[in-house]
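The structure appears below as structure tokens.
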Amino acid sequence: QVQVVQSGGGLVQAGGSLRLSCTASGMRSRINGMGWYRQAPGKQREMVATIPTGGGPSYAGSVKGRFTISRDNAKNTVYLQMNSLNSEDTAVYYCIAIINYEHYWGQGTQVTVSS
């Protein structure tokens with residue numbers, strides 16, 4: 001059974017940094033890609049950053065230049081380094097692992113940026 005487990009997040013002041021981690025386990029197929037989405041109160045879930053296996057990263061325009069996504073393929077882990085955080089980044093962040101073209105979501109983690 002595939003599990004996608006996130007860690008990191010929390011409360012940070014505006015201008016600060018946080019790092020999220022996410023590890024996928026239990027799969028028998030290859031990982032096609034991993035990434036991060038977020039959902040703010042009253043808003044739809046939106047893509048933050050994704051990185052396909054063997055490909056380059058993609059970022060939402062609102063985080064480009066501030067967030068960095070990276071993967072450790074040997075550990076089936078994806079990271080999201082978030083710098084220069086602002087109140088607009090406050091949301092629940094979800095990790096996604098695409099395995100054999102099926103989507104598996106992490107449990108979500110709250111990121112709150114105080115001004």
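Identifiers in the structure tokens: chain A, B, ... in order shown; residue index from 1 per chain; ligand index from 1 in order shown.
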Given only C-alpha atoms, how would the per-residue table for region 16-61 of chain A near region 88-101 of chain A read, listing every residue at most 9 Å away with its closest atom pair and distance in Å to one decimal, sorted by chain and number, as JSON lines?
```
{"residue": "A:Leu20", "atom": "CA", "partner": "A:Tyr93", "partner_atom": "CA", "distance": 8.8}
{"residue": "A:Ser21", "atom": "CA", "partner": "A:Cys95", "partner_atom": "CA", "distance": 8.4}
{"residue": "A:Cys22", "atom": "CA", "partner": "A:Cys95", "partner_atom": "CA", "distance": 6.4}
{"residue": "A:Thr23", "atom": "CA", "partner": "A:Ala97", "partner_atom": "CA", "distance": 8.7}
{"residue": "A:Ala24", "atom": "CA", "partner": "A:Ala97", "partner_atom": "CA", "distance": 6.9}
{"residue": "A:Met27", "atom": "CA", "partner": "A:Ile99", "partner_atom": "CA", "distance": 7.5}
{"residue": "A:Arg28", "atom": "CA", "partner": "A:Ile99", "partner_atom": "CA", "distance": 8.8}
{"residue": "A:Ser29", "atom": "CA", "partner": "A:Asn100", "partner_atom": "CA", "distance": 5.7}
{"residue": "A:Arg30", "atom": "CA", "partner": "A:Ile99", "partner_atom": "CA", "distance": 5.9}
{"residue": "A:Ile31", "atom": "CA", "partner": "A:Ile99", "partner_atom": "CA", "distance": 4.4}
{"residue": "A:Asn32", "atom": "CA", "partner": "A:Ile98", "partner_atom": "CA", "distance": 5.4}
{"residue": "A:Gly33", "atom": "CA", "partner": "A:Ile98", "partner_atom": "CA", "distance": 5.2}
{"residue": "A:Met34", "atom": "CA", "partner": "A:Ala97", "partner_atom": "CA", "distance": 4.5}
{"residue": "A:Gly35", "atom": "CA", "partner": "A:Ile96", "partner_atom": "CA", "distance": 5.2}
{"residue": "A:Trp36", "atom": "CA", "partner": "A:Cys95", "partner_atom": "CA", "distance": 4.6}
{"residue": "A:Tyr37", "atom": "CA", "partner": "A:Tyr94", "partner_atom": "CA", "distance": 5.1}
{"residue": "A:Arg38", "atom": "CA", "partner": "A:Tyr93", "partner_atom": "CA", "distance": 4.2}
{"residue": "A:Gln39", "atom": "CA", "partner": "A:Ala91", "partner_atom": "CA", "distance": 5.3}
{"residue": "A:Ala40", "atom": "CA", "partner": "A:Ala91", "partner_atom": "CA", "distance": 4.2}
{"residue": "A:Pro41", "atom": "CA", "partner": "A:Ala91", "partner_atom": "CA", "distance": 7.0}
{"residue": "A:Val48", "atom": "CA", "partner": "A:Tyr93", "partner_atom": "CA", "distance": 8.8}
{"residue": "A:Thr50", "atom": "CA", "partner": "A:Ile96", "partner_atom": "CA", "distance": 8.7}
{"residue": "A:Pro52", "atom": "CA", "partner": "A:Ile98", "partner_atom": "CA", "distance": 8.8}
```
| What does the distance from CA of Ser114 (chain A) to CA of Phe67 (chain A) come to in Å, to one decimal? | 17.7 Å
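In this comparison, which uses only C-alpha atoms, the residue of A:Asn86, A:Tyr79, A:Pro57, A:Trp105 approaching Leu11 (chain A) most closely is A:Asn86.
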Using DSSP on the backbone coordinates, identify all residues within chain A classified as strand (DSSP E); present the result as a tab-separated table (two decimals) with N, CA, C and O atoms, in the first residue's frame.
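Wrote it out as part-v9.tsv, contents follow:
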```tsv
chain	number	residue	atom	x	y	z
A	3	GLN	N	2.10	4.85	0.70
A	3	GLN	CA	1.95	5.89	1.72
A	3	GLN	C	2.78	7.10	1.31
A	3	GLN	O	3.90	6.95	0.83
A	4	VAL	N	2.20	8.26	1.53
A	4	VAL	CA	2.89	9.53	1.27
A	4	VAL	C	2.84	10.33	2.55
A	4	VAL	O	1.76	10.75	2.97
A	5	VAL	N	3.98	10.51	3.16
A	5	VAL	CA	4.04	11.12	4.49
A	5	VAL	C	4.85	12.41	4.44
A	5	VAL	O	6.00	12.41	3.99
A	6	GLN	N	4.24	13.47	4.92
A	6	GLN	CA	4.86	14.79	4.92
A	6	GLN	C	5.41	15.15	6.29
A	6	GLN	O	4.93	14.64	7.32
A	7	SER	N	6.37	16.06	6.30
A	7	SER	CA	6.85	16.65	7.55
A	7	SER	C	7.27	18.08	7.28
A	7	SER	O	7.51	18.47	6.14
A	8	GLY	N	7.39	18.83	8.34
A	8	GLY	CA	7.75	20.23	8.22
A	8	GLY	C	6.53	21.12	8.36
A	8	GLY	O	5.45	20.67	8.73
A	10	GLY	N	4.56	24.77	9.79
A	10	GLY	CA	4.43	25.45	11.07
A	10	GLY	C	4.21	26.94	10.90
A	10	GLY	O	3.74	27.41	9.87
A	11	LEU	N	4.58	27.67	11.93
A	11	LEU	CA	4.38	29.12	11.98
A	11	LEU	C	5.70	29.83	11.78
A	11	LEU	O	6.71	29.48	12.41
A	12	VAL	N	5.69	30.84	10.93
A	12	VAL	CA	6.91	31.60	10.65
A	12	VAL	C	6.54	33.05	10.41
A	12	VAL	O	5.43	33.35	9.96
A	13	GLN	N	7.46	33.94	10.72
A	13	GLN	CA	7.21	35.36	10.45
A	13	GLN	C	7.45	35.67	8.98
A	13	GLN	O	8.22	34.98	8.30
A	18	LEU	N	10.93	28.14	5.57
A	18	LEU	CA	10.51	26.83	6.06
A	18	LEU	C	10.89	25.80	5.01
A	18	LEU	O	10.99	26.11	3.82
A	19	ARG	N	11.02	24.55	5.47
A	19	ARG	CA	11.31	23.45	4.56
A	19	ARG	C	10.33	22.33	4.82
A	19	ARG	O	10.13	21.91	5.96
A	20	LEU	N	9.71	21.87	3.74
A	20	LEU	CA	8.80	20.72	3.80
A	20	LEU	C	9.48	19.51	3.19
A	20	LEU	O	10.25	19.63	2.24
A	21	SER	N	9.15	18.35	3.74
A	21	SER	CA	9.66	17.09	3.21
A	21	SER	C	8.50	16.13	2.99
A	21	SER	O	7.47	16.22	3.69
A	22	CYS	N	8.68	15.21	2.07
A	22	CYS	CA	7.62	14.25	1.78
A	22	CYS	C	8.27	12.98	1.24
A	22	CYS	O	9.06	13.04	0.29
A	23	THR	N	7.90	11.84	1.81
A	23	THR	CA	8.46	10.57	1.38
A	23	THR	C	7.35	9.61	0.98
A	23	THR	O	6.37	9.45	1.70
A	24	ALA	N	7.53	9.00	-0.17
A	24	ALA	CA	6.60	7.98	-0.65
A	24	ALA	C	7.19	6.60	-0.38
A	24	ALA	O	8.40	6.39	-0.54
A	25	SER	N	6.32	5.67	0.02
A	25	SER	CA	6.79	4.32	0.30
A	25	SER	C	5.70	3.32	-0.05
A	25	SER	O	4.54	3.68	-0.24
A	31	ILE	N	8.03	6.02	-9.73
A	31	ILE	CA	7.45	7.33	-9.48
A	31	ILE	C	7.60	8.15	-10.76
A	31	ILE	O	8.71	8.34	-11.25
A	32	ASN	N	6.51	8.62	-11.28
A	32	ASN	CA	6.55	9.45	-12.48
A	32	ASN	C	6.92	10.89	-12.15
A	32	ASN	O	7.54	11.60	-12.94
A	33	GLY	N	6.50	11.32	-10.96
A	33	GLY	CA	6.78	12.69	-10.56
A	33	GLY	C	6.32	12.93	-9.13
A	33	GLY	O	5.57	12.13	-8.57
A	34	MET	N	6.80	14.01	-8.55
A	34	MET	CA	6.38	14.42	-7.21
A	34	MET	C	6.21	15.92	-7.21
A	34	MET	O	6.75	16.63	-8.08
A	35	GLY	N	5.47	16.41	-6.22
A	35	GLY	CA	5.28	17.85	-6.20
A	35	GLY	C	4.53	18.32	-4.97
A	35	GLY	O	4.25	17.53	-4.06
A	36	TRP	N	4.22	19.59	-5.00
A	36	TRP	CA	3.53	20.24	-3.88
A	36	TRP	C	2.38	21.09	-4.40
A	36	TRP	O	2.52	21.81	-5.39
A	37	TYR	N	1.26	20.99	-3.70
A	37	TYR	CA	0.10	21.84	-3.93
A	37	TYR	C	-0.22	22.52	-2.60
A	37	TYR	O	0.28	22.11	-1.55
A	38	ARG	N	-1.06	23.53	-2.67
A	38	ARG	CA	-1.50	24.18	-1.44
A	38	ARG	C	-2.94	24.64	-1.59
A	38	ARG	O	-3.43	24.88	-2.70
A	39	GLN	N	-3.59	24.78	-0.45
A	39	GLN	CA	-4.98	25.25	-0.44
A	39	GLN	C	-5.15	26.23	0.71
A	39	GLN	O	-5.00	25.86	1.88
A	46	GLU	N	-4.13	24.68	-5.39
A	46	GLU	CA	-3.34	25.12	-6.52
A	46	GLU	C	-1.96	24.48	-6.51
A	46	GLU	O	-1.42	24.14	-5.45
A	47	MET	N	-1.41	24.32	-7.69
A	47	MET	CA	-0.07	23.77	-7.83
A	47	MET	C	0.95	24.79	-7.33
A	47	MET	O	0.85	25.98	-7.65
A	48	VAL	N	1.92	24.33	-6.58
A	48	VAL	CA	3.01	25.18	-6.12
A	48	VAL	C	4.28	24.87	-6.91
A	48	VAL	O	4.90	25.76	-7.49
A	49	ALA	N	4.65	23.60	-6.94
A	49	ALA	CA	5.86	23.18	-7.66
A	49	ALA	C	5.79	21.70	-7.92
A	49	ALA	O	5.27	20.94	-7.09
A	50	THR	N	6.29	21.29	-9.06
A	50	THR	CA	6.33	19.87	-9.40
A	50	THR	C	7.67	19.55	-10.04
A	50	THR	O	8.35	20.44	-10.59
A	51	ILE	N	8.05	18.29	-9.92
A	51	ILE	CA	9.30	17.86	-10.55
A	51	ILE	C	9.11	16.43	-11.04
A	51	ILE	O	8.93	15.50	-10.24
A	52	PRO	N	9.11	16.23	-12.35
A	52	PRO	CA	8.95	14.89	-12.89
A	52	PRO	C	10.26	14.11	-12.78
A	52	PRO	O	11.34	14.70	-12.69
A	58	SER	N	8.87	22.72	-12.24
A	58	SER	CA	7.94	23.76	-12.66
A	58	SER	C	7.41	24.44	-11.41
A	58	SER	O	7.19	23.77	-10.39
A	59	TYR	N	7.19	25.74	-11.51
A	59	TYR	CA	6.74	26.52	-10.35
A	59	TYR	C	5.55	27.38	-10.73
A	59	TYR	O	5.43	27.86	-11.86
A	67	PHE	N	10.73	29.80	-3.86
A	67	PHE	CA	10.63	28.39	-3.47
A	67	PHE	C	11.51	27.54	-4.37
A	67	PHE	O	11.67	27.84	-5.56
A	68	THR	N	12.05	26.48	-3.79
A	68	THR	CA	12.86	25.53	-4.57
A	68	THR	C	12.41	24.11	-4.25
A	68	THR	O	12.37	23.72	-3.08
A	69	ILE	N	12.07	23.37	-5.30
A	69	ILE	CA	11.70	21.97	-5.13
A	69	ILE	C	12.89	21.11	-5.53
A	69	ILE	O	13.62	21.43	-6.47
A	70	SER	N	13.08	20.04	-4.78
A	70	SER	CA	14.18	19.12	-5.10
A	70	SER	C	13.76	17.71	-4.71
A	70	SER	O	12.83	17.52	-3.93
A	71	ARG	N	14.45	16.74	-5.28
A	71	ARG	CA	14.13	15.34	-5.00
A	71	ARG	C	15.39	14.56	-4.68
A	71	ARG	O	16.46	14.82	-5.23
A	72	ASP	N	15.22	13.60	-3.80
A	72	ASP	CA	16.24	12.57	-3.56
A	72	ASP	C	15.62	11.27	-4.04
A	72	ASP	O	14.82	10.65	-3.33
A	77	THR	N	11.97	10.84	-1.93
A	77	THR	CA	11.63	12.01	-1.11
A	77	THR	C	11.70	13.28	-1.95
A	77	THR	O	12.61	13.43	-2.78
A	78	VAL	N	10.75	14.16	-1.70
A	78	VAL	CA	10.74	15.47	-2.33
A	78	VAL	C	10.75	16.53	-1.23
A	78	VAL	O	10.17	16.33	-0.16
A	79	TYR	N	11.44	17.62	-1.53
A	79	TYR	CA	11.56	18.71	-0.57
A	79	TYR	C	11.01	20.00	-1.19
A	79	TYR	O	11.04	20.18	-2.41
A	80	LEU	N	10.57	20.90	-0.32
A	80	LEU	CA	10.19	22.23	-0.78
A	80	LEU	C	10.83	23.23	0.18
A	80	LEU	O	10.42	23.32	1.34
A	81	GLN	N	11.83	23.93	-0.31
A	81	GLN	CA	12.47	24.99	0.46
A	81	GLN	C	11.73	26.29	0.15
A	81	GLN	O	11.68	26.70	-1.01
A	82	MET	N	11.19	26.91	1.18
A	82	MET	CA	10.39	28.11	1.00
A	82	MET	C	11.08	29.28	1.69
A	82	MET	O	11.27	29.27	2.91
A	91	ALA	N	-1.31	28.55	4.00
A	91	ALA	CA	-2.17	27.53	3.39
A	91	ALA	C	-1.83	26.18	3.99
A	91	ALA	O	-0.84	26.03	4.72
A	92	VAL	N	-2.66	25.20	3.66
A	92	VAL	CA	-2.30	23.81	3.92
A	92	VAL	C	-1.57	23.31	2.68
A	92	VAL	O	-2.08	23.42	1.56
A	93	TYR	N	-0.41	22.76	2.89
A	93	TYR	CA	0.43	22.28	1.78
A	93	TYR	C	0.31	20.76	1.69
A	93	TYR	O	0.43	20.06	2.70
A	94	TYR	N	0.10	20.29	0.47
A	94	TYR	CA	-0.06	18.87	0.22
A	94	TYR	C	1.02	18.38	-0.73
A	94	TYR	O	1.28	18.99	-1.77
A	95	CYS	N	1.60	17.26	-0.39
A	95	CYS	CA	2.54	16.59	-1.28
A	95	CYS	C	1.76	15.65	-2.19
A	95	CYS	O	0.75	15.06	-1.78
A	96	ILE	N	2.22	15.53	-3.42
A	96	ILE	CA	1.64	14.58	-4.34
A	96	ILE	C	2.75	13.71	-4.93
A	96	ILE	O	3.83	14.21	-5.25
A	97	ALA	N	2.47	12.42	-5.00
A	97	ALA	CA	3.37	11.49	-5.67
A	97	ALA	C	2.57	10.82	-6.79
A	97	ALA	O	1.48	10.29	-6.53
A	98	ILE	N	3.09	10.89	-7.99
A	98	ILE	CA	2.43	10.26	-9.13
A	98	ILE	C	3.17	8.97	-9.41
A	98	ILE	O	4.34	8.99	-9.80
A	99	ILE	N	2.48	7.87	-9.16
A	99	ILE	CA	3.10	6.54	-9.24
A	99	ILE	C	2.28	5.71	-10.21
A	99	ILE	O	1.09	5.51	-10.02
A	102	GLU	N	-0.92	7.19	-11.26
A	102	GLU	CA	-1.97	7.42	-10.28
A	102	GLU	C	-1.47	8.44	-9.26
A	102	GLU	O	-0.29	8.48	-8.94
A	103	HIS	N	-2.40	9.25	-8.75
A	103	HIS	CA	-2.04	10.33	-7.83
A	103	HIS	C	-2.24	9.88	-6.39
A	103	HIS	O	-3.32	9.41	-6.02
A	104	TYR	N	-1.22	10.09	-5.59
A	104	TYR	CA	-1.29	9.79	-4.16
A	104	TYR	C	-0.94	11.07	-3.40
A	104	TYR	O	0.08	11.71	-3.69
A	105	TRP	N	-1.77	11.40	-2.42
A	105	TRP	CA	-1.61	12.66	-1.68
A	105	TRP	C	-1.11	12.41	-0.27
A	105	TRP	O	-1.47	11.42	0.36
A	109	THR	N	-0.05	19.67	5.52
A	109	THR	CA	0.61	20.30	6.65
A	109	THR	C	0.36	21.81	6.60
A	109	THR	O	0.43	22.41	5.52
A	110	GLN	N	0.06	22.40	7.72
A	110	GLN	CA	-0.27	23.81	7.77
A	110	GLN	C	1.00	24.66	7.77
A	110	GLN	O	1.94	24.39	8.53
A	111	VAL	N	1.00	25.66	6.91
A	111	VAL	CA	2.04	26.69	6.92
A	111	VAL	C	1.33	28.02	7.17
A	111	VAL	O	0.44	28.41	6.42
A	112	THR	N	1.72	28.69	8.23
A	112	THR	CA	1.14	29.97	8.59
A	112	THR	C	2.23	31.03	8.66
A	112	THR	O	3.21	30.85	9.38
A	113	VAL	N	2.04	32.09	7.89
A	113	VAL	CA	3.01	33.18	7.86
A	113	VAL	C	2.38	34.38	8.55
A	113	VAL	O	1.34	34.88	8.11
A	114	SER	N	3.01	34.83	9.61
A	114	SER	CA	2.49	35.98	10.36
A	114	SER	C	3.18	37.26	9.89
A	114	SER	O	4.38	37.26	9.63
```
| What does the distance from CA of Gly16 (chain A) to CA of Ser115 (chain A) come to in Å, to one decimal? |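 Answer for the CA of Gly16 (chain A) to CA of Ser115 (chain A) separation: 10.4 Å.
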| said: So the first atom is CA of Gly55 (chain A) and the second is CA of Asn73 (chain A); what is the distance between them in Å, to one decimal place? | reply: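 Between CA of Gly55 (chain A) and CA of Asn73 (chain A) the gap works out to 12.2 Å.
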| Residues of chain A in helix (DSSP H, G or I), written as an MDAnalysis selection string | chainID A and resid 73:75 87:89
